[in-house]
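Asks: You'll find upload18.csv just under this line, and it carries CSV, C-alpha atoms.
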chain,number,residue,atom,x,y,z
I,1,MET,CA,151.6,57.3,184.5
I,2,ASN,CA,149.3,54.4,185.7
I,3,VAL,CA,149.0,52.5,189.0
I,4,ILE,CA,151.5,49.8,188.0
I,5,ASP,CA,154.1,52.4,187.1
I,6,MET,CA,153.6,54.2,190.4
I,7,GLN,CA,153.9,50.9,192.3
I,8,LEU,CA,157.0,50.0,190.4
I,9,ILE,CA,158.6,53.2,191.5
I,10,LYS,CA,157.5,52.6,195.1
I,11,LEU,CA,158.9,49.1,195.1
I,12,THR,CA,162.3,50.1,193.7
I,13,GLN,CA,162.9,53.6,195.2
I,14,ASN,CA,164.6,52.2,198.3
I,15,GLY,CA,167.0,50.2,196.2
I,16,ILE,CA,166.7,46.9,194.3
I,17,LYS,CA,168.0,43.7,195.9
I,18,LEU,CA,171.5,42.5,194.9
I,19,VAL,CA,170.4,39.1,193.6
I,20,PRO,CA,170.6,37.6,190.1
I,21,GLU,CA,167.0,38.5,189.3
I,22,PRO,CA,166.2,41.7,191.3
I,23,PHE,CA,163.0,42.4,189.4
I,24,LYS,CA,161.4,39.0,189.8
I,25,LYS,CA,159.7,39.4,193.1
I,26,ILE,CA,158.6,42.9,192.2
I,27,ALA,CA,157.1,41.6,188.9
I,28,VAL,CA,155.2,38.8,190.7
I,29,GLU,CA,153.8,41.4,193.2
I,30,LEU,CA,152.6,43.5,190.3
I,31,ASN,CA,151.4,40.6,188.3
I,32,ILE,CA,153.5,41.5,185.3
I,33,SER,CA,156.5,39.8,183.7
I,34,GLU,CA,160.1,40.7,184.5
I,35,GLU,CA,160.5,41.9,180.9
I,36,ASP,CA,157.5,44.2,181.3
I,37,ALA,CA,158.9,45.5,184.6
I,38,VAL,CA,162.2,46.6,183.1
I,39,GLN,CA,160.6,47.9,179.9
I,40,ARG,CA,158.3,50.1,182.1
I,41,ILE,CA,161.3,51.5,183.9
I,42,GLY,CA,162.9,52.2,180.5
I,43,SER,CA,159.8,54.0,179.4
I,44,LEU,CA,159.6,56.0,182.6
I,45,ILE,CA,163.2,57.1,181.9
I,46,ASP,CA,162.3,58.0,178.3
I,47,ARG,CA,159.4,60.1,179.6
I,48,GLY,CA,161.6,61.9,182.1
I,49,ILE,CA,159.6,60.7,185.1
I,50,ILE,CA,162.7,58.8,186.3
I,51,ARG,CA,165.7,61.0,185.8
I,52,ARG,CA,168.0,58.0,185.9
I,53,PHE,CA,167.9,54.5,187.2
I,54,GLY,CA,171.1,53.5,189.0
I,55,ALA,CA,173.3,53.9,192.0
I,56,SER,CA,173.4,56.7,194.4
I,57,ILE,CA,176.9,57.2,195.7
I,58,GLY,CA,177.9,57.7,199.3
I,59,HIS,CA,180.5,60.4,198.9
I,60,ARG,CA,181.7,60.3,202.5
I,61,ALA,CA,182.4,56.6,202.4
I,62,LEU,CA,184.6,57.2,199.3
I,63,GLY,CA,186.7,59.7,201.2
I,64,ILE,CA,185.0,62.6,199.4
I,65,VAL,CA,184.2,64.5,202.6
I,66,ALA,CA,184.2,68.1,201.5
I,67,ASN,CA,181.0,69.2,199.8
I,68,ALA,CA,180.6,72.7,198.5
I,69,MET,CA,177.6,74.3,197.0
I,70,CYS,CA,179.0,76.9,194.6
I,71,VAL,CA,176.6,79.6,193.5
I,72,TRP,CA,177.3,81.6,190.4
I,73,ASN,CA,175.9,84.8,188.9
I,74,VAL,CA,175.8,84.0,185.2
I,75,PRO,CA,174.4,86.4,182.5
I,76,ASP,CA,171.1,84.9,181.3
I,77,LYS,CA,172.2,84.7,177.7
I,78,ARG,CA,175.3,82.6,178.7
I,79,ILE,CA,173.6,80.2,181.0
I,80,GLU,CA,173.3,77.3,178.4
I,81,SER,CA,177.0,77.2,177.5
I,82,VAL,CA,178.3,77.9,181.1
I,83,GLY,CA,175.9,75.3,182.6
I,84,THR,CA,177.2,72.7,180.1
I,85,THR,CA,180.8,73.5,180.8
I,86,MET,CA,180.3,73.3,184.5
I,87,ALA,CA,178.5,70.0,184.2
I,88,GLY,CA,181.5,68.6,182.4
I,89,PHE,CA,183.7,68.8,185.5
I,90,ASP,CA,184.1,65.4,187.1
I,91,GLU,CA,184.0,66.9,190.6
I,92,VAL,CA,180.6,68.5,189.9
I,93,SER,CA,177.8,66.1,190.7
I,94,HIS,CA,174.8,68.5,190.2
I,95,CYS,CA,174.5,71.5,188.1
I,96,TYR,CA,171.1,73.4,188.1
I,97,GLU,CA,169.9,76.8,187.0
I,98,ARG,CA,167.6,78.2,189.6
I,99,ALA,CA,165.4,81.3,189.8
I,100,ARG,CA,167.1,84.6,190.9
I,101,CYS,CA,165.7,86.4,193.9
I,102,GLN,CA,165.7,89.9,195.2
I,103,ASP,CA,169.0,90.5,197.0
I,104,TRP,CA,170.2,87.1,195.7
I,105,ASP,CA,171.7,87.4,192.2
I,106,TYR,CA,173.1,83.8,191.9
I,107,ASN,CA,171.3,81.7,189.3
I,108,LEU,CA,173.6,78.7,188.7
I,109,TYR,CA,174.3,76.1,191.4
I,110,THR,CA,176.9,73.4,191.3
I,111,MET,CA,177.7,70.8,193.9
I,112,VAL,CA,181.4,70.2,194.1
I,113,HIS,CA,182.8,67.2,195.9
I,114,ALA,CA,186.5,66.7,196.9
I,115,ARG,CA,188.6,65.3,199.7
I,116,THR,CA,189.3,68.7,201.3
I,117,GLN,CA,187.8,72.2,201.4
I,118,GLU,CA,191.0,73.5,199.8
I,119,GLU,CA,190.5,71.2,196.8
I,120,CYS,CA,186.9,72.4,196.5
I,121,GLU,CA,188.1,76.0,196.4
I,122,HIS,CA,190.7,75.1,193.8
I,123,ILE,CA,188.1,73.4,191.6
I,124,ALA,CA,185.8,76.4,191.9
I,125,GLN,CA,188.7,78.6,190.7
I,126,GLU,CA,189.3,76.3,187.8
I,127,ILE,CA,185.6,76.4,186.9
I,128,SER,CA,185.7,80.2,187.2
I,129,ARG,CA,188.7,80.3,184.8
I,130,ALA,CA,187.1,77.9,182.3
I,131,THR,CA,183.8,79.9,182.2
I,132,GLY,CA,184.9,83.5,182.9
I,133,ILE,CA,182.3,83.7,185.7
I,134,THR,CA,183.9,85.6,188.5
I,135,ASP,CA,180.9,86.5,190.7
I,136,TYR,CA,180.5,83.4,192.8
I,137,THR,CA,180.4,82.2,196.4
I,138,ILE,CA,181.3,78.8,197.9
I,139,LEU,CA,179.0,77.5,200.6
I,140,PHE,CA,180.4,74.5,202.4
I,141,SER,CA,178.0,72.3,204.3
I,142,GLU,CA,178.9,72.7,207.9
I,143,LYS,CA,176.3,70.2,209.2
I,144,GLU,CA,174.0,67.7,207.5
I,145,PHE,CA,170.6,67.8,209.2
I,146,LYS,CA,168.8,65.5,206.8
I,147,LYS,CA,169.5,63.5,203.6
I,148,THR,CA,166.9,61.0,202.5
I,149,GLY,CA,166.6,61.5,198.8
I,150,VAL,CA,163.3,62.1,197.0
I,151,ARG,CA,160.6,59.5,197.7
I,152,ILE,CA,157.0,59.2,196.6
M,153,MET,CA,185.8,56.3,205.2
M,154,ILE,CA,187.2,53.8,202.7
M,155,ASP,CA,191.0,53.7,202.2
M,156,GLN,CA,191.3,54.1,198.5
M,157,LYS,CA,193.5,51.0,198.5
M,158,GLU,CA,190.5,49.0,199.5
M,159,LEU,CA,188.8,49.7,196.2
M,160,ASP,CA,190.1,47.7,193.3
M,161,ASP,CA,189.7,48.4,189.6
M,162,VAL,CA,186.5,46.3,189.4
M,163,ASP,CA,185.0,48.4,192.2
M,164,ARG,CA,185.8,51.6,190.4
M,165,GLN,CA,184.5,50.4,187.1
M,166,LEU,CA,181.3,49.2,188.7
M,167,ILE,CA,180.7,52.5,190.5
M,168,ASN,CA,181.1,54.4,187.3
M,169,ILE,CA,178.9,52.2,185.2
M,170,VAL,CA,176.0,51.6,187.7
M,171,GLN,CA,175.4,55.3,188.2
M,172,LEU,CA,174.2,56.1,184.7
M,173,ASP,CA,174.2,52.9,182.6
M,174,PHE,CA,172.6,50.3,184.8
M,175,PRO,CA,171.4,47.6,182.5
M,176,LEU,CA,167.6,47.4,182.4
M,177,ASP,CA,167.0,43.7,181.8
M,178,PRO,CA,165.9,40.8,184.0
M,179,HIS,CA,169.5,39.8,184.7
M,180,PRO,CA,171.2,43.2,185.1
M,181,PHE,CA,174.2,41.9,187.1
M,182,ARG,CA,175.0,39.2,184.5
M,183,THR,CA,174.9,41.9,181.8
M,184,LEU,CA,177.2,44.1,183.9
M,185,GLY,CA,179.6,41.2,184.3
M,186,GLU,CA,179.6,40.6,180.5
M,187,GLN,CA,180.5,44.3,180.0
M,188,ILE,CA,183.6,44.1,182.2
M,189,SER,CA,184.4,40.4,181.8
M,190,ILE,CA,183.6,39.0,185.2
M,191,SER,CA,180.9,36.6,186.4
M,192,GLU,CA,177.4,37.6,187.7
M,193,LYS,CA,178.4,36.2,191.1
M,194,GLU,CA,181.5,38.5,191.2
M,195,VAL,CA,179.5,41.6,190.2
M,196,ILE,CA,177.0,40.9,193.0
M,197,SER,CA,179.7,40.3,195.6
M,198,HIS,CA,181.5,43.5,194.6
M,199,LEU,CA,178.3,45.5,194.8
M,200,LYS,CA,177.4,44.0,198.1
M,201,LYS,CA,180.8,45.0,199.5
M,202,LEU,CA,180.4,48.5,198.1
M,203,THR,CA,177.0,48.8,199.7
M,204,GLU,CA,178.3,47.6,203.1
M,205,LEU,CA,181.1,50.1,202.9
M,206,GLY,CA,178.5,52.8,202.1
M,207,ALA,CA,180.1,53.7,198.8
M,208,ILE,CA,176.8,52.7,197.1
M,209,ARG,CA,173.8,53.9,199.0
M,210,LYS,CA,171.2,52.2,196.8
M,211,ILE,CA,170.5,51.2,193.2
M,212,GLY,CA,167.1,52.5,192.1
M,213,PRO,CA,165.1,55.3,190.4
M,214,ILE,CA,165.9,59.0,190.9
M,215,ILE,CA,162.4,60.5,190.4
M,216,ASP,CA,161.5,63.9,188.9
M,217,THR,CA,158.8,65.0,191.3
M,218,ARG,CA,157.4,67.6,188.8
M,219,LYS,CA,156.7,65.0,186.2
M,220,ILE,CA,154.4,63.1,188.5
M,221,GLY,CA,152.3,66.2,189.2
M,222,GLY,CA,154.4,67.2,192.2
M,223,ASP,CA,156.6,70.2,192.7
M,224,SER,CA,159.9,70.9,194.4
M,225,THR,CA,162.2,73.7,195.4
M,226,LEU,CA,165.3,74.7,197.3
M,227,ILE,CA,164.8,77.1,200.2
M,228,ALA,CA,167.5,79.2,201.9
M,229,MET,CA,166.5,80.5,205.3
M,230,ARG,CA,168.0,83.1,207.6
M,231,VAL,CA,167.9,81.7,211.1
M,232,PRO,CA,169.7,83.1,214.2
M,233,GLU,CA,172.5,80.8,215.2
M,234,HIS,CA,171.2,80.0,218.6
M,235,GLU,CA,167.9,78.8,217.1
M,236,ILE,CA,169.4,76.8,214.3
M,237,ASN,CA,169.1,73.2,215.7
M,238,GLU,CA,165.6,73.7,216.9
M,239,VAL,CA,164.5,75.2,213.5
M,240,ALA,CA,166.3,72.5,211.6
M,241,MET,CA,164.4,69.8,213.5
M,242,GLN,CA,161.1,71.6,212.8
M,243,ILE,CA,162.0,71.7,209.1
M,244,ASN,CA,163.1,68.0,209.1
M,245,SER,CA,159.7,67.0,210.5
M,246,PHE,CA,158.2,67.5,207.1
M,247,ASP,CA,158.5,64.2,205.2
M,248,GLU,CA,158.8,66.2,202.0
M,249,VAL,CA,162.1,67.7,203.1
M,250,SER,CA,164.8,65.5,201.5
M,251,HIS,CA,168.0,67.4,202.2
M,252,ASN,CA,168.7,70.0,204.9
M,253,TYR,CA,172.1,71.6,205.5
M,254,LEU,CA,173.7,74.3,207.7
M,255,ARG,CA,175.8,76.6,205.5
M,256,PRO,CA,177.8,79.8,206.2
M,257,GLY,CA,176.4,83.2,205.2
M,258,THR,CA,173.4,85.4,205.6
M,259,TYR,CA,171.1,82.5,204.6
M,260,ASN,CA,172.3,79.6,206.7
M,261,LEU,CA,169.7,76.9,206.5
M,262,TRP,CA,169.4,75.3,203.1
M,263,PHE,CA,166.8,72.6,202.5
M,264,THR,CA,165.0,71.0,199.5
M,265,VAL,CA,161.3,70.3,199.5
M,266,SER,CA,159.7,67.8,197.2
M,267,ALA,CA,156.0,67.6,197.5
M,268,ARG,CA,153.5,65.2,195.7
M,269,SER,CA,151.4,68.1,194.4
M,270,LYS,CA,151.7,71.9,193.8
M,271,SER,CA,149.0,72.5,196.5
M,272,ARG,CA,150.9,70.5,199.0
M,273,LEU,CA,154.1,72.6,198.3
M,274,LEU,CA,152.0,75.7,198.9
M,275,GLU,CA,150.7,74.3,202.2
M,276,ILE,CA,154.3,73.6,203.3
M,277,PHE,CA,155.2,77.2,202.2
M,278,SER,CA,152.6,78.7,204.4
M,279,GLU,CA,153.7,76.6,207.3
M,280,ILE,CA,157.3,77.8,206.7
M,281,LYS,CA,156.2,81.4,206.4
M,282,LYS,CA,154.5,81.1,209.8
M,283,MET,CA,157.9,80.3,211.4
M,284,GLY,CA,158.7,83.9,210.7
M,285,TYR,CA,162.2,83.7,209.3
M,286,PRO,CA,163.2,85.4,206.0
M,287,PHE,CA,163.8,82.9,203.2
M,288,LEU,CA,164.5,82.6,199.5
M,289,ASP,CA,162.5,80.3,197.2
M,290,LEU,CA,164.9,78.9,194.6
M,291,PRO,CA,163.1,76.5,192.2
M,292,VAL,CA,165.0,74.7,189.4
M,293,GLU,CA,164.7,76.3,186.0
M,294,ARG,CA,167.0,73.9,184.1
M,295,MET,CA,169.1,70.9,184.9
M,296,PHE,CA,172.6,70.4,183.5
M,297,LYS,CA,173.7,67.5,185.7
M,298,ILE,CA,171.7,65.3,188.0
M,299,GLY,CA,173.8,63.8,190.7
M,300,VAL,CA,176.5,61.6,189.2
M,301,MET,CA,180.1,61.3,190.2
M,302,PHE,CA,182.5,59.7,187.9
M,303,LYS,CA,186.2,58.8,188.1
M,304,VAL,CA,186.0,57.8,191.8
Would you encode the structure as structure tokens?
Replies:
Amino acid sequence: MNVIDMQLIKLTQNGIKLVPEPFKKIAVELNISEEDAVQRIGSLIDRGIIRRFGASIGHRALGIVANAMCVWNVPDKRIESVGTTMAGFDEVSHCYERARCQDWDYNLYTMVHARTQEECEHIAQEISRATGITDYTILFSEKEFKKTGVRI
Amino acid sequence: MIDQKELDDVDRQLINIVQLDFPLDPHPFRTLGEQISISEKEVISHLKKLTELGAIRKIGPIIDTRKIGGDSTLIAMRVPEHEINEVAMQINSFDEVSHNYLRPGTYNLWFTVSARSKSRLLEIFSEIKKMGYPFLDLPVERMFKIGVMFKV
């Protein structure tokens, strides 16, 4: 990734402006064309540097106030199919495999969002039924100390 | 919180499209309008409303720190309840901490660290170790879903 790509990320990471040509000012600043700017973003997505380019949703504002991190103990050989099934649930926003630790057997993490904690619990039960994974724990967020998103 | 009645069909359609399929061209809002048969002006006014309501936090790139030479992880820390606020503030003081939550259970402070380089992550690690609380290091092994919510 070159300097222009890096600058392009820095100039868009706090959100583009809601104007007819949101890339115009950015392109001028980088001394490139608007077409070049959007093509570069596309290429950064293709290379996986940008995971996606789009809106970040404010769950709370949408009434989705219960957020549960569900942690699952999935046999290693089933992780691919179970991960894919869990990711297919609309209420699941994130689904990651993470390293296991000593005295911490859970290796699959899903963020489940709903209107109430009961709904989250119900969704977790459905996920459990759909995947056959019964060793899991639901960790609701009791307090948000920080949420800024990843910046460079 | 938004009363669901405040969101119309256009709002819902837009929220779903702009998360994953944001058009990368110099006139993205015109293109979005073409997709759902409304004008560019209307798209912008809906998105502005959604942003004011907090339903959309921003439209921009979601970066994969590891792809730009950085490194990230999730840490679960065991902190005595009476110290939790103070420790959370100490953790928050690292710019590299993007999310930080209080959750129930043995490990009660859950935060994500996203550093510009592997060596910077190690530096943060040694700072965290000095705090003296037991913690789990839970880096991502595989991603199945990366922060999208559909059917709002």
Asks: Give me, please, the distance in Å between CA of Leu290 in chain M and CA of Asn107 in chain I, quoted to one decimal.
Replies: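 Here the two named atoms are 8.8 Å from each other.
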Asks: Report as a list in words all protein, DNA and RNA residues lying within 10 Å of Ala87 in chain I, evaluated on only C-alpha atoms, omitting residues in the same chain fewer than 4 positions from it.
Replies: Ser81, Val82, Gly83, Glu91, Val92, Ser93, His94, Cys95, Tyr96, Thr110, Met111 and Ile127 of chain I; Met295, Phe296, Lys297, Ile298 and Val300 of chain M
Asks: Sort by chain and increasing residue number a table of all residues of chain I within 6 Å of chain M, each with its closest pair of atoms and their distance in Å to one decimal, counting all atoms listed in the file, and write it as a Markdown table.
Replies:
| residue | atom | partner | partner_atom | distance |
| --- | --- | --- | --- | --- |
| I:Thr12 | CA | M:Gly212 | CA | 5.6 |
| I:Gln13 | CA | M:Gly212 | CA | 5.3 |
| I:Gly15 | CA | M:Lys210 | CA | 4.7 |
| I:Ile16 | CA | M:Ile211 | CA | 5.8 |
| I:Pro20 | CA | M:His179 | CA | 5.9 |
| I:Glu21 | CA | M:His179 | CA | 5.4 |
| I:Glu34 | CA | M:Pro178 | CA | 5.8 |
| I:Val38 | CA | M:Leu176 | CA | 5.5 |
| I:Ile49 | CA | M:Lys219 | CA | 5.3 |
| I:Ile50 | CA | M:Ile215 | CA | 4.4 |
| I:Arg51 | CA | M:Ile214 | CA | 5.5 |
| I:Arg52 | CA | M:Ile214 | CA | 5.5 |
| I:Phe53 | CA | M:Pro213 | CA | 4.3 |
| I:Gly54 | CA | M:Gln171 | CA | 4.7 |
| I:Ala55 | CA | M:Ile211 | CA | 4.1 |
| I:Ser56 | CA | M:Arg209 | CA | 5.4 |
| I:Ile57 | CA | M:Ile208 | CA | 4.7 |
| I:Gly58 | CA | M:Ala207 | CA | 4.6 |
| I:Ala61 | CA | M:Met153 | CA | 4.4 |
| I:Leu62 | CA | M:Ile154 | CA | 5.5 |
| I:Gly63 | CA | M:Met153 | CA | 5.3 |
| I:Gly83 | CA | M:Phe296 | CA | 6.0 |
| I:Ala87 | CA | M:Lys297 | CA | 5.6 |
| I:Asp90 | CA | M:Phe302 | CA | 6.0 |
| I:Ser93 | CA | M:Gly299 | CA | 4.6 |
| I:His94 | CA | M:Lys297 | CA | 4.7 |
| I:Cys95 | CA | M:Lys297 | CA | 4.7 |
| I:Tyr96 | CA | M:Met295 | CA | 4.5 |
| I:Glu97 | CA | M:Arg294 | CA | 5.0 |
| I:Arg98 | CA | M:Val292 | CA | 4.4 |
| I:Ala99 | CA | M:Leu290 | CA | 5.4 |
| I:Leu139 | CA | M:Arg255 | CA | 5.9 |
| I:Phe140 | CA | M:Arg255 | CA | 5.9 |
| I:Ser141 | CA | M:Arg255 | CA | 5.0 |
| I:Glu142 | CA | M:Leu254 | CA | 5.4 |
| I:Lys143 | CA | M:Leu254 | CA | 5.1 |
| I:Glu144 | CA | M:Tyr253 | CA | 4.8 |
| I:Phe145 | CA | M:Asn252 | CA | 5.2 |
| I:Lys146 | CA | M:Asn252 | CA | 4.9 |
| I:Lys147 | CA | M:His251 | CA | 4.4 |
| I:Thr148 | CA | M:Ser250 | CA | 5.1 |
| I:Gly149 | CA | M:Ser250 | CA | 5.2 |
| I:Val150 | CA | M:Ser250 | CA | 5.8 |
Asks: Which of these, M:Phe277, M:Gln165, M:Ser271, M:Phe287, has the shortest distance to Asp223 in chain M once you count only C-alpha atoms?
Replies: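 Result for the nearest residue to Asp223 in chain M: M:Ser271.
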Asks: Out of M:Leu184, M:Met229, M:Leu274, M:Val162, which residue has the shortest atom-to-atom distance to Thr258 in chain M when counting all atoms listed in the file?
Replies: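 For Thr258 in chain M, the nearest of the candidates is M:Met229.
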Asks: How many Å lie between CA of Asp161 in chain M and CA of Ser191 in chain M, rounded to one decimal?
Replies: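 So the answer is 15.1 Å.
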Asks: As an exercise, work out the distance from CA of Thr134 in chain I to CA of Trp72 in chain I in Å and give it to one decimal place.
Replies: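 Pair CA of Thr134 in chain I / CA of Trp72 in chain I returns 7.9 Å.
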Asks: Of the candidates M:Glu233, M:Glu279, M:Glu158, M:Glu238, which one gets nearest to His198 in chain M if we count all atoms listed in the file?
Replies: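 Of M:Glu233, M:Glu279, M:Glu158, M:Glu238, the one nearest His198 in chain M is M:Glu158, counting all atoms listed in the file.
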Asks: Report as a PyMOL selection string all protein, DNA and RNA residues lying within 12 Å of Asn2 in chain I, evaluated on all atoms listed in the file, omitting residues in the same chain fewer than 6 positions from it.
Replies: (chain I and resi 8-9+40+44) or (chain M and resi 220)
Asks: Applying 9 Å and all atoms listed in the file, which residues near Thr137 in chain I remain after dropping the ones on its own chain fewer than 3 positions away? List them as a PDB file with C-alpha atoms, in the frame of the given file.
Replies:
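What follows is the written file part.pdb:
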ATOM      1  CA  MET I  69     177.600  74.300 197.000  1.00  0.00           C
ATOM      2  CA  CYS I  70     179.000  76.900 194.600  1.00  0.00           C
ATOM      3  CA  VAL I  71     176.600  79.600 193.500  1.00  0.00           C
ATOM      4  CA  TRP I  72     177.300  81.600 190.400  1.00  0.00           C
ATOM      5  CA  TYR I 106     173.100  83.800 191.900  1.00  0.00           C
TER       6      TYR I 106
END
Asks: Quick one: of I:Gln117, I:Lys24, I:Leu30, I:Ile138, who's nearest to Val3 in chain I, counting only C-alpha atoms?
Replies: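 Looking only at the distances to Val3 in chain I, the closest residue turns out to be I:Leu30.
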